[in-house]
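Student: Structure: data.txt, compact mmCIF, C-alpha atoms.
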# COMPACT_ATOMS: atom_id res chain seq x y z
CA MET R 1 101.10 29.27 101.54
CA THR R 2 101.08 25.77 100.13
CA SER R 3 99.59 24.47 103.37
CA HIS R 4 96.38 26.46 102.86
CA ASN R 5 95.27 24.75 99.64
CA ASP R 6 94.41 21.10 100.20
CA GLN R 7 94.08 19.99 96.58
CA PRO R 8 97.27 18.60 94.96
CA SER R 9 98.09 19.94 91.50
CA PRO R 10 99.61 17.08 89.45
CA MET R 11 101.28 17.75 86.10
CA THR R 12 102.94 15.62 83.42
CA PHE R 13 106.10 16.73 81.61
CA THR R 14 106.83 15.06 78.28
CA ALA R 15 109.70 14.85 75.79
CA ALA R 16 110.63 18.30 74.54
CA PRO R 17 111.96 19.54 71.19
CA ALA R 18 115.23 21.46 71.22
CA LEU R 19 115.05 24.30 73.74
CA SER R 20 116.02 27.78 72.61
CA GLY R 21 115.74 31.39 73.67
CA SER R 22 116.80 33.73 76.44
CA VAL R 23 115.15 33.70 79.85
CA ALA R 24 115.61 35.25 83.28
CA VAL R 25 115.04 33.36 86.50
CA PRO R 26 113.48 34.83 89.65
CA GLY R 27 115.58 36.84 92.09
CA ASP R 28 117.94 35.02 94.41
CA LYS R 29 116.00 33.62 97.36
CA SER R 30 118.83 33.90 99.89
CA ILE R 31 119.52 37.54 98.99
CA SER R 32 115.79 38.39 98.86
CA HIS R 33 115.21 37.14 102.42
CA ARG R 34 118.21 39.03 103.77
CA SER R 35 117.44 42.25 101.91
CA LEU R 36 113.99 42.42 103.55
CA MET R 37 115.31 41.61 107.01
CA LEU R 38 118.21 44.07 107.00
CA SER R 39 116.16 46.81 105.33
CA ALA R 40 113.61 46.35 108.12
CA LEU R 41 116.40 46.96 110.69
CA ALA R 42 117.82 50.06 108.97
CA VAL R 43 116.59 53.55 109.85
CA GLY R 44 115.13 55.15 106.73
CA GLU R 45 113.88 53.86 103.38
CA SER R 46 115.54 51.03 101.43
CA ARG R 47 114.58 50.05 97.87
CA VAL R 48 114.79 46.49 96.58
CA GLU R 49 114.57 45.69 92.88
CA GLY R 50 114.26 42.15 91.49
CA LEU R 51 112.99 40.64 94.76
CA LEU R 52 111.87 37.02 94.45
CA GLU R 53 108.10 37.19 94.91
CA GLY R 54 107.70 33.52 95.84
CA GLU R 55 105.82 32.34 98.89
CA ASP R 56 108.94 31.85 101.04
CA VAL R 57 110.09 35.45 100.62
CA LEU R 58 106.56 36.83 101.03
CA ALA R 59 106.46 34.98 104.37
CA THR R 60 109.57 36.93 105.42
CA ALA R 61 107.95 40.21 104.31
CA ALA R 62 104.79 39.42 106.30
CA ALA R 63 106.83 38.57 109.41
CA MET R 64 108.84 41.80 109.26
CA ARG R 65 105.61 43.78 108.84
CA ALA R 66 104.19 41.99 111.89
CA MET R 67 107.24 43.20 113.85
CA GLY R 68 106.85 46.84 112.86
CA ALA R 69 108.48 47.43 109.47
CA ASP R 70 106.61 49.30 106.71
CA ILE R 71 107.03 47.15 103.58
CA ARG R 72 105.27 48.04 100.31
CA ARG R 73 105.53 46.95 96.70
CA ASN R 74 104.95 49.54 93.99
CA ASP R 75 103.34 48.74 90.64
CA ASP R 76 106.77 48.94 89.01
CA GLY R 77 107.86 45.90 91.05
CA ILE R 78 110.21 47.85 93.33
CA TRP R 79 109.82 47.20 97.04
CA HIS R 80 110.11 50.06 99.54
CA ILE R 81 111.00 49.24 103.14
CA HIS R 82 110.98 51.71 106.05
CA GLY R 83 112.89 50.07 108.88
CA VAL R 84 112.47 50.23 112.65
CA GLY R 85 116.17 50.31 113.51
CA VAL R 86 118.26 47.62 115.21
CA GLY R 87 116.60 46.92 118.56
CA GLY R 88 113.29 48.34 117.36
CA LEU R 89 111.37 45.17 116.48
CA LEU R 90 107.87 45.12 117.96
CA GLN R 91 105.98 42.27 119.59
CA PRO R 92 104.01 40.45 116.83
CA GLN R 93 100.31 40.17 117.67
CA GLU R 94 99.82 36.80 115.94
CA ALA R 95 101.88 33.72 115.14
CA LEU R 96 104.36 34.21 112.27
CA ASP R 97 103.36 31.83 109.45
CA MET R 98 106.56 30.75 107.70
CA GLY R 99 104.83 28.47 105.18
CA ASN R 100 107.55 26.24 103.71
CA SER R 101 110.53 28.50 104.42
CA GLY R 102 113.29 27.10 106.62
CA THR R 103 115.48 30.10 105.79
CA SER R 104 112.88 32.61 107.00
CA THR R 105 112.31 30.65 110.19
CA ARG R 106 115.91 30.18 111.22
CA LEU R 107 117.09 33.70 110.32
CA LEU R 108 114.12 35.40 111.96
CA MET R 109 114.71 33.36 115.11
CA GLY R 110 118.19 34.92 115.13
CA LEU R 111 116.72 38.42 114.87
CA VAL R 112 114.18 37.84 117.65
CA ALA R 113 116.83 36.26 119.92
CA SER R 114 118.32 39.63 120.87
CA HIS R 115 115.07 41.62 121.09
CA GLY R 116 112.89 41.66 124.18
CA ILE R 117 109.87 40.20 122.40
CA THR R 118 108.08 36.85 122.17
CA ALA R 119 107.22 35.28 118.81
CA THR R 120 105.53 32.05 117.76
CA PHE R 121 106.61 30.41 114.49
CA VAL R 122 104.30 28.07 112.56
CA GLY R 123 104.70 26.44 109.16
CA ASP R 124 103.29 23.96 106.67
CA ALA R 125 103.50 20.17 107.04
CA SER R 126 106.93 20.00 105.41
CA LEU R 127 108.50 22.80 107.46
CA SER R 128 106.98 21.42 110.66
CA LYS R 129 109.05 18.25 110.20
CA ARG R 130 112.37 20.09 109.92
CA PRO R 131 114.67 20.13 112.98
CA MET R 132 115.33 23.51 114.59
CA ALA R 133 117.78 22.40 117.31
CA ARG R 134 120.76 23.53 115.23
CA VAL R 135 119.50 27.10 115.72
CA THR R 136 117.77 26.91 119.11
CA GLU R 137 120.92 25.50 120.72
CA PRO R 138 123.27 28.44 119.92
CA LEU R 139 120.50 31.03 120.33
CA SER R 140 119.77 29.66 123.81
CA ARG R 141 123.35 30.58 124.66
CA VAL R 142 122.71 34.24 123.85
CA GLY R 143 119.83 34.15 126.35
CA ALA R 144 116.78 33.36 124.22
CA SER R 145 114.31 30.80 125.57
CA PHE R 146 112.28 28.32 123.51
CA THR R 147 109.20 26.15 123.79
CA THR R 148 109.26 23.74 120.86
CA SER R 149 107.13 20.89 119.58
CA PRO R 150 108.56 17.35 120.10
CA GLY R 151 111.86 16.87 118.28
CA ASP R 152 112.70 20.60 118.40
CA ARG R 153 110.23 21.31 115.63
CA LEU R 154 107.53 23.86 114.79
CA PRO R 155 105.20 25.17 116.11
CA LEU R 156 107.75 26.95 118.30
CA THR R 157 107.52 29.92 120.65
CA MET R 158 110.60 31.91 121.62
CA THR R 159 111.35 34.87 123.86
CA GLY R 160 114.38 36.97 123.06
CA ALA R 161 116.89 38.37 125.56
CA CYS R 162 117.66 42.07 125.83
CA PRO R 163 120.46 42.56 126.45
CA ALA R 164 121.60 39.32 124.86
CA VAL R 165 124.97 37.68 125.55
CA PRO R 166 127.56 37.86 122.73
CA LEU R 167 128.39 34.42 121.36
CA ASP R 168 131.68 32.86 120.27
CA TYR R 169 130.56 29.86 118.24
CA THR R 170 132.19 27.25 116.01
CA LEU R 171 129.69 25.79 113.54
CA PRO R 172 129.33 22.01 114.07
CA VAL R 173 127.71 21.64 110.61
CA ALA R 174 128.22 23.65 107.44
CA SER R 175 125.07 25.78 107.51
CA ALA R 176 124.66 29.31 106.19
CA GLN R 177 121.33 29.48 108.03
CA VAL R 178 122.89 28.80 111.45
CA LYS R 179 125.76 31.22 110.76
CA SER R 180 123.32 33.91 109.65
CA ALA R 181 121.00 33.41 112.63
CA ILE R 182 123.90 33.96 115.04
CA LEU R 183 125.13 37.05 113.17
CA LEU R 184 121.63 38.53 113.07
CA ALA R 185 121.30 37.93 116.81
CA GLY R 186 124.65 39.72 117.22
CA LEU R 187 123.33 42.91 115.59
CA ASN R 188 121.46 43.93 118.74
CA THR R 189 123.89 42.33 121.23
CA PRO R 190 126.50 44.44 123.06
CA GLY R 191 130.07 43.35 122.40
CA ILE R 192 131.58 41.11 119.74
CA THR R 193 129.82 38.12 118.19
CA ARG R 194 132.23 35.64 116.62
CA VAL R 195 131.40 32.73 114.30
CA VAL R 196 134.06 30.22 113.24
CA GLU R 197 133.22 28.41 110.01
CA PRO R 198 135.50 25.39 109.34
CA ILE R 199 133.78 24.71 105.97
CA PRO R 200 132.81 27.87 104.03
CA THR R 201 129.12 28.33 103.19
CA ARG R 202 127.27 30.96 101.16
CA ASP R 203 128.38 34.39 102.32
CA HIS R 204 125.42 36.60 101.38
CA SER R 205 124.82 37.58 105.02
CA GLU R 206 128.37 38.85 105.48
CA ARG R 207 128.35 40.78 102.18
CA MET R 208 124.99 42.37 102.87
CA LEU R 209 125.67 43.20 106.53
CA LYS R 210 128.79 45.10 105.44
CA GLY R 211 126.80 46.81 102.70
CA PHE R 212 124.29 48.05 105.27
CA GLY R 213 127.11 49.46 107.38
CA ALA R 214 127.61 46.80 110.05
CA ASP R 215 131.10 46.57 111.59
CA LEU R 216 131.93 43.08 110.33
CA GLU R 217 135.25 41.45 109.44
CA VAL R 218 136.09 38.11 107.87
CA GLU R 219 139.47 36.49 108.43
CA VAL R 220 140.35 33.47 106.28
CA GLN R 221 142.95 31.15 107.77
CA ALA R 222 145.46 29.05 105.84
CA ASP R 223 143.27 25.93 106.07
CA GLY R 224 140.24 27.79 104.68
CA THR R 225 138.53 28.30 108.04
CA ARG R 226 136.63 31.58 108.11
CA ILE R 227 136.39 33.64 111.30
CA ILE R 228 133.60 36.22 111.19
CA THR R 229 133.45 38.94 113.83
CA LEU R 230 130.56 41.37 114.21
CA LYS R 231 130.43 44.37 116.52
CA GLY R 232 127.02 44.55 118.15
CA GLU R 233 124.52 47.36 118.66
CA ALA R 234 124.94 48.18 114.99
CA GLU R 235 123.38 51.10 113.16
CA LEU R 236 122.29 49.98 109.72
CA LYS R 237 121.93 52.48 106.90
CA PRO R 238 119.22 52.08 104.22
CA GLN R 239 120.32 50.71 100.85
CA ASN R 240 119.21 50.37 97.25
CA ILE R 241 119.50 46.68 96.37
CA VAL R 242 119.30 44.93 93.00
CA VAL R 243 118.75 41.20 93.55
CA PRO R 244 120.52 38.95 90.99
CA GLY R 245 118.85 35.88 89.49
CA ASP R 246 118.86 32.83 91.75
CA PRO R 247 121.52 30.26 90.76
CA SER R 248 119.44 27.54 92.43
CA SER R 249 116.55 28.36 90.10
CA ALA R 250 118.85 28.72 87.07
CA ALA R 251 119.91 25.11 87.73
CA PHE R 252 116.71 23.73 86.22
CA PRO R 253 116.75 25.39 82.76
CA MET R 254 120.54 24.88 82.74
CA VAL R 255 120.29 21.09 83.17
CA ALA R 256 117.31 20.93 80.80
CA ALA R 257 119.30 22.71 78.07
CA LEU R 258 122.25 20.34 78.53
CA LEU R 259 120.05 17.21 78.31
CA VAL R 260 117.51 18.03 75.55
CA PRO R 261 119.31 17.37 72.22
CA GLY R 262 119.94 20.40 69.99
CA SER R 263 119.23 22.96 72.71
CA GLN R 264 120.92 26.32 73.27
CA VAL R 265 119.58 28.57 76.01
CA THR R 266 120.75 31.87 77.52
CA ILE R 267 119.92 32.46 81.18
CA ALA R 268 120.36 36.15 81.97
CA ASN R 269 121.48 37.91 85.15
CA VAL R 270 122.45 34.88 87.25
CA GLY R 271 124.22 35.36 90.58
CA LEU R 272 127.68 33.78 90.38
CA ASN R 273 128.83 34.05 93.99
CA ALA R 274 131.64 31.49 94.38
CA THR R 275 129.93 30.02 97.45
CA ARG R 276 126.93 29.13 95.24
CA ALA R 277 128.49 28.18 91.89
CA GLY R 278 129.29 24.53 92.58
CA LEU R 279 126.75 23.15 90.09
CA ILE R 280 128.24 25.07 87.16
CA ASP R 281 131.67 23.65 88.00
CA LEU R 282 130.23 20.13 88.33
CA LEU R 283 128.32 20.22 85.03
CA ARG R 284 131.40 21.54 83.22
CA GLU R 285 133.44 18.67 84.67
CA MET R 286 130.79 16.29 83.30
CA GLY R 287 131.34 17.77 79.83
CA GLY R 288 128.59 20.38 79.83
CA SER R 289 129.00 23.45 77.64
CA ILE R 290 128.25 26.45 79.89
CA GLU R 291 129.71 29.80 78.88
CA ILE R 292 129.59 32.86 81.13
CA ILE R 293 129.22 36.13 79.23
CA ASN R 294 128.75 39.75 80.33
CA ALA R 295 130.31 39.11 83.76
CA ARG R 296 129.76 42.05 86.09
CA GLU R 297 129.19 43.01 89.71
CA VAL R 298 125.84 44.22 91.05
CA GLY R 299 125.48 45.34 94.66
CA GLY R 300 128.62 43.52 95.76
CA GLU R 301 127.58 40.23 94.13
CA PRO R 302 129.14 38.77 90.94
CA VAL R 303 126.58 38.31 88.14
CA GLY R 304 126.70 37.01 84.58
CA ASP R 305 124.67 35.53 81.72
CA LEU R 306 124.94 31.77 81.06
CA VAL R 307 124.90 30.34 77.52
CA VAL R 308 124.13 26.62 77.83
CA THR R 309 124.41 24.23 74.87
CA ALA R 310 123.23 20.61 74.79
CA SER R 311 126.14 18.31 75.60
CA ALA R 312 126.97 14.65 76.12
CA LEU R 313 127.65 14.30 79.85
CA ASN R 314 129.93 11.83 81.63
CA GLY R 315 129.59 10.34 85.09
CA VAL R 316 131.36 12.09 87.93
CA GLU R 317 132.46 11.60 91.54
CA PRO R 318 132.60 15.10 93.01
CA ASP R 319 134.61 16.02 96.08
CA PRO R 320 132.27 15.97 99.12
CA ALA R 321 133.83 19.31 100.17
CA ARG R 322 131.92 20.90 97.30
CA ALA R 323 128.57 20.15 98.95
CA PRO R 324 127.93 23.55 100.60
CA SER R 325 128.41 25.41 97.30
CA MET R 326 125.60 23.47 95.60
CA ILE R 327 123.58 21.91 98.42
CA ASP R 328 120.23 22.93 96.90
CA GLU R 329 121.22 21.87 93.40
CA TYR R 330 121.94 18.19 94.09
CA PRO R 331 118.44 16.94 93.15
CA VAL R 332 118.73 18.28 89.60
CA ALA R 333 122.41 17.24 89.47
CA PHE R 334 121.19 13.68 90.14
CA VAL R 335 118.93 14.03 87.08
CA ALA R 336 121.91 15.14 84.97
CA ALA R 337 123.86 12.10 86.25
CA ALA R 338 120.97 9.80 85.33
CA PHE R 339 121.42 10.74 81.64
CA ALA R 340 125.23 10.74 81.64
CA HIS R 341 127.61 8.12 80.25
CA GLY R 342 128.83 5.95 83.12
CA ARG R 343 128.40 5.93 86.87
CA SER R 344 128.22 8.93 89.23
CA ILE R 345 128.92 8.70 92.96
CA PHE R 346 127.81 11.51 95.27
CA ARG R 347 128.92 11.48 98.91
CA GLY R 348 129.05 13.85 101.88
CA LEU R 349 125.40 14.85 101.51
CA ASP R 350 124.09 14.23 105.04
CA GLU R 351 122.56 17.71 104.95
CA LEU R 352 120.14 16.58 102.21
CA ARG R 353 118.43 14.30 104.73
CA VAL R 354 117.00 17.31 106.61
CA LYS R 355 115.90 19.61 103.79
CA GLU R 356 112.24 20.21 102.76
CA SER R 357 112.21 16.43 102.39
CA ASP R 358 114.84 13.72 102.82
CA ARG R 359 116.18 14.59 99.39
CA ILE R 360 118.42 11.53 99.06
CA ALA R 361 115.59 9.06 99.75
CA THR R 362 112.99 11.03 97.79
CA MET R 363 115.22 11.37 94.72
CA ALA R 364 116.32 7.73 94.86
CA THR R 365 112.70 6.53 94.98
CA GLY R 366 111.65 8.86 92.17
CA LEU R 367 114.60 8.01 89.92
CA ARG R 368 113.86 4.29 90.28
CA ALA R 369 110.24 4.99 89.36
CA ILE R 370 111.27 6.49 86.00
CA GLY R 371 113.72 3.69 85.16
CA VAL R 372 117.07 4.81 86.64
CA THR R 373 119.37 2.36 88.41
CA VAL R 374 120.38 3.90 91.74
CA GLU R 375 121.89 2.80 95.04
CA GLU R 376 121.13 4.91 98.10
CA LEU R 377 124.04 5.51 100.50
CA GLU R 378 123.81 6.83 104.04
CA ASP R 379 125.41 10.11 102.97
CA GLY R 380 124.76 10.07 99.23
CA ILE R 381 123.76 8.13 96.13
CA ILE R 382 125.23 6.07 93.26
CA ILE R 383 123.58 6.63 89.87
CA GLU R 384 124.10 4.53 86.74
CA GLY R 385 123.77 6.84 83.75
CA SER R 386 121.72 5.97 80.66
CA GLY R 387 124.42 7.09 78.22
CA GLY R 388 122.16 9.86 76.95
CA GLN R 389 119.22 7.55 76.22
CA PRO R 390 115.76 8.71 77.31
CA MET R 391 114.37 7.14 80.48
CA PRO R 392 111.03 5.31 80.24
CA GLY R 393 109.35 7.83 82.56
CA GLY R 394 106.44 7.17 84.86
CA GLY R 395 104.97 8.44 88.08
CA PRO R 396 103.23 10.07 89.74
CA ILE R 397 106.46 10.99 91.52
CA ALA R 398 106.00 11.61 95.26
CA THR R 399 107.62 15.01 95.78
CA ARG R 400 106.95 15.22 99.57
CA LEU R 401 105.94 18.91 99.29
CA ASP R 402 109.49 19.69 98.10
CA HIS R 403 109.76 22.32 95.35
CA ARG R 404 113.21 21.22 94.16
CA ILE R 405 112.15 17.58 93.85
CA ALA R 406 109.15 18.63 91.74
CA MET R 407 111.23 20.77 89.37
CA SER R 408 114.00 18.16 89.09
CA PHE R 409 111.58 15.49 87.89
CA ALA R 410 109.92 18.00 85.56
CA VAL R 411 113.34 18.34 83.88
CA ALA R 412 113.64 14.53 83.74
CA GLY R 413 110.26 14.42 81.98
CA LEU R 414 111.63 16.56 79.14
CA VAL R 415 114.05 13.76 78.24
CA SER R 416 111.76 10.79 78.95
CA ARG R 417 110.12 8.38 76.53
CA ASP R 418 106.62 8.36 78.02
CA GLY R 419 106.60 11.48 80.23
CA VAL R 420 107.01 11.99 83.97
CA THR R 421 104.04 12.89 86.17
CA ILE R 422 104.65 15.02 89.26
CA ASP R 423 102.17 14.39 92.09
CA ASP R 424 101.93 18.04 93.14
CA MET R 425 103.40 21.18 91.56
CA ARG R 426 102.03 23.60 94.21
CA PRO R 427 105.27 23.74 96.25
CA VAL R 428 107.12 25.21 93.24
CA ALA R 429 105.44 28.54 94.06
CA THR R 430 107.65 28.83 97.15
CA SER R 431 110.75 29.61 95.08
CA PHE R 432 109.97 29.68 91.33
CA PRO R 433 106.39 30.78 90.60
CA THR R 434 107.18 31.24 86.87
CA PHE R 435 108.75 27.79 86.37
CA THR R 436 106.25 26.31 83.90
CA THR R 437 105.94 29.64 82.06
CA LEU R 438 109.73 29.70 81.62
CA LEU R 439 109.71 26.16 80.16
CA GLN R 440 106.96 27.25 77.74
CA THR R 441 109.10 30.23 76.67
CA LEU R 442 111.94 27.84 75.78
CA GLY R 443 109.57 25.59 73.82
CA ALA R 444 109.49 22.70 76.31
CA ILE R 445 105.74 22.82 76.88
CA ALA R 446 103.35 23.22 73.98
Take the structure in the file and write it out as structure tokens.
Tutor:
Amino acid sequence: MTSHNDQPSPMTFTAAPALSGSVAVPGDKSISHRSLMLSALAVGESRVEGLLEGEDVLATAAAMRAMGADIRRNDDGIWHIHGVGVGGLLQPQEALDMGNSGTSTRLLMGLVASHGITATFVGDASLSKRPMARVTEPLSRVGASFTTSPGDRLPLTMTGACPAVPLDYTLPVASAQVKSAILLAGLNTPGITRVVEPIPTRDHSERMLKGFGADLEVEVQADGTRIITLKGEAELKPQNIVVPGDPSSAAFPMVAALLVPGSQVTIANVGLNATRAGLIDLLREMGGSIEIINAREVGGEPVGDLVVTASALNGVEPDPARAPSMIDEYPVAFVAAAFAHGRSIFRGLDELRVKESDRIATMATGLRAIGVTVEELEDGIIIEGSGGQPMPGGGPIATRLDHRIAMSFAVAGLVSRDGVTIDDMRPVATSFPTFTTLLQTLGAIA
């Protein structure tokens, strides 16, 4: 985990020649986490191909092993998981080290909530600052009990309830993690668990739960509200899963190809789930040339190859309602806006304040450091674009142990005059261990 190596790893990214070639990004992080968890609750052997082997997902694998699942990776890269069955999780003997992964922590808390076991969750410095009340509050209602560090943060010890109480819950914030935690708790809870989602968020949990055989239904009302019902005490059946490429990781080579003059890049096998595709829509609205070819469906998820051609971008003021469909992509979208013609105004991004870092403040500070004119808003940011001119550059940029901040400023460095130095590239291993190798493949790094 990033917390176990105390030496920062700075790196400077400099102006790149035209990018070209075809690359694949690592497997989708959201789907990778869920495939391990649900496979570990199925009876029998599941196979997972294309799993993201970043530190966040490996933390999930280690936690499921600690609670009884047999999880192995073969030399061919295919993961084999023998599950314990819903209700079969065992008491972990040691604290579960979640590293930097908020997704692992919140979803696993949901799983534990309806099992009669006690688990302690610990994490790195960044994760230990992230609030957990949004999950502990609803999970307390199913009967789980929590002892948290001040501010409802990690380290945190919880004891699940068995039998748990089925929950009928309306999400107060748009959060796929909270929704998923409640649904996962519902798997081992008698009766019906119901989640009402006023603003739709990524739906990988619902798709995958149905794929594993859970009795789950989604009703979409006229105003877009989604009502998800899950029948508890489920019996999950093992599956063969192919994980598509992560659209959040594809965001970085996509924006780089749009910004570096003369570039054309193909990004293969990218997940195109509509609840995750907001950045593609935004960049197209800004004038970006992004073509989807070879569209197909893999394991219930839409997938395609992206052909991205360098384009002159224009400023934009996206609808705040789009936020959930690209919440993780805003940092690199801010970089795209910094090189656009005109002003961009982003609002409705309160959620970015409680990510791996305060992503609004961290991006605003970093953009100013490389020569961008920005104004920070309470729920967003205003960015004055350079009209396609390179930024001066600078640094070292303080990334606050945030992988997406580090990669966003790496992309900015490729279209800077004097280069951009990142203070620490170690956190990138949590989601995109092959990031610098991919940039080398495209010709960005000599």
Student: Could you please determine the separation between CA of Trp79 (chain R) and CA of Glu49 (chain R) in Å, to one decimal place?
Tutor: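 CA of Glu49 (chain R) lies at a distance of 6.5 Å from CA of Trp79 (chain R).
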Student: Measuring atom to atom with all atoms listed in the file, identify which of R:Glu233, R:Asp152, R:Glu206, R:Glu285 is nearest to Ile31 (chain R).
Tutor: R:Glu206
Student: List as a list in words the protein and nucleic acid residues near His403 (chain R), meaning an atom at most 8 Å away when only C-alpha atoms are counted, but skip any in the same chain fewer than 6 places from it.
Tutor: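 Using only C-alpha atoms, the neighbours found are Met425, Arg426, Pro427, Val428, Ala429, Thr430 and Ser431 of chain R.
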Student: Which residue, R:Ile192, R:Ala333, R:Leu442, R:Val57, has the smallest gap to Ile267 (chain R) when you use all atoms listed in the file?
Tutor: R:Leu442
Student: Using only C-alpha atoms, tabulate the residues of region 284-332 of chain R lying at most 8 Å from any atom of region 255-265 of chain R, each with its closest atom pair and that distance in Å to one decimal, by chain and increasing residue number, as a tab-separated table.
Tutor:
residue	atom	partner	partner_atom	distance
R:Gly288	CA	R:Leu258	CA	6.5
R:Ser289	CA	R:Leu258	CA	7.5
R:Val307	CA	R:Val265	CA	5.8
R:Val308	CA	R:Val265	CA	5.3
R:Thr309	CA	R:Gln264	CA	4.4
R:Ala310	CA	R:Leu258	CA	3.9
R:Ser311	CA	R:Leu258	CA	5.3
R:Ala312	CA	R:Leu259	CA	7.7
R:Val332	CA	R:Val255	CA	7.2
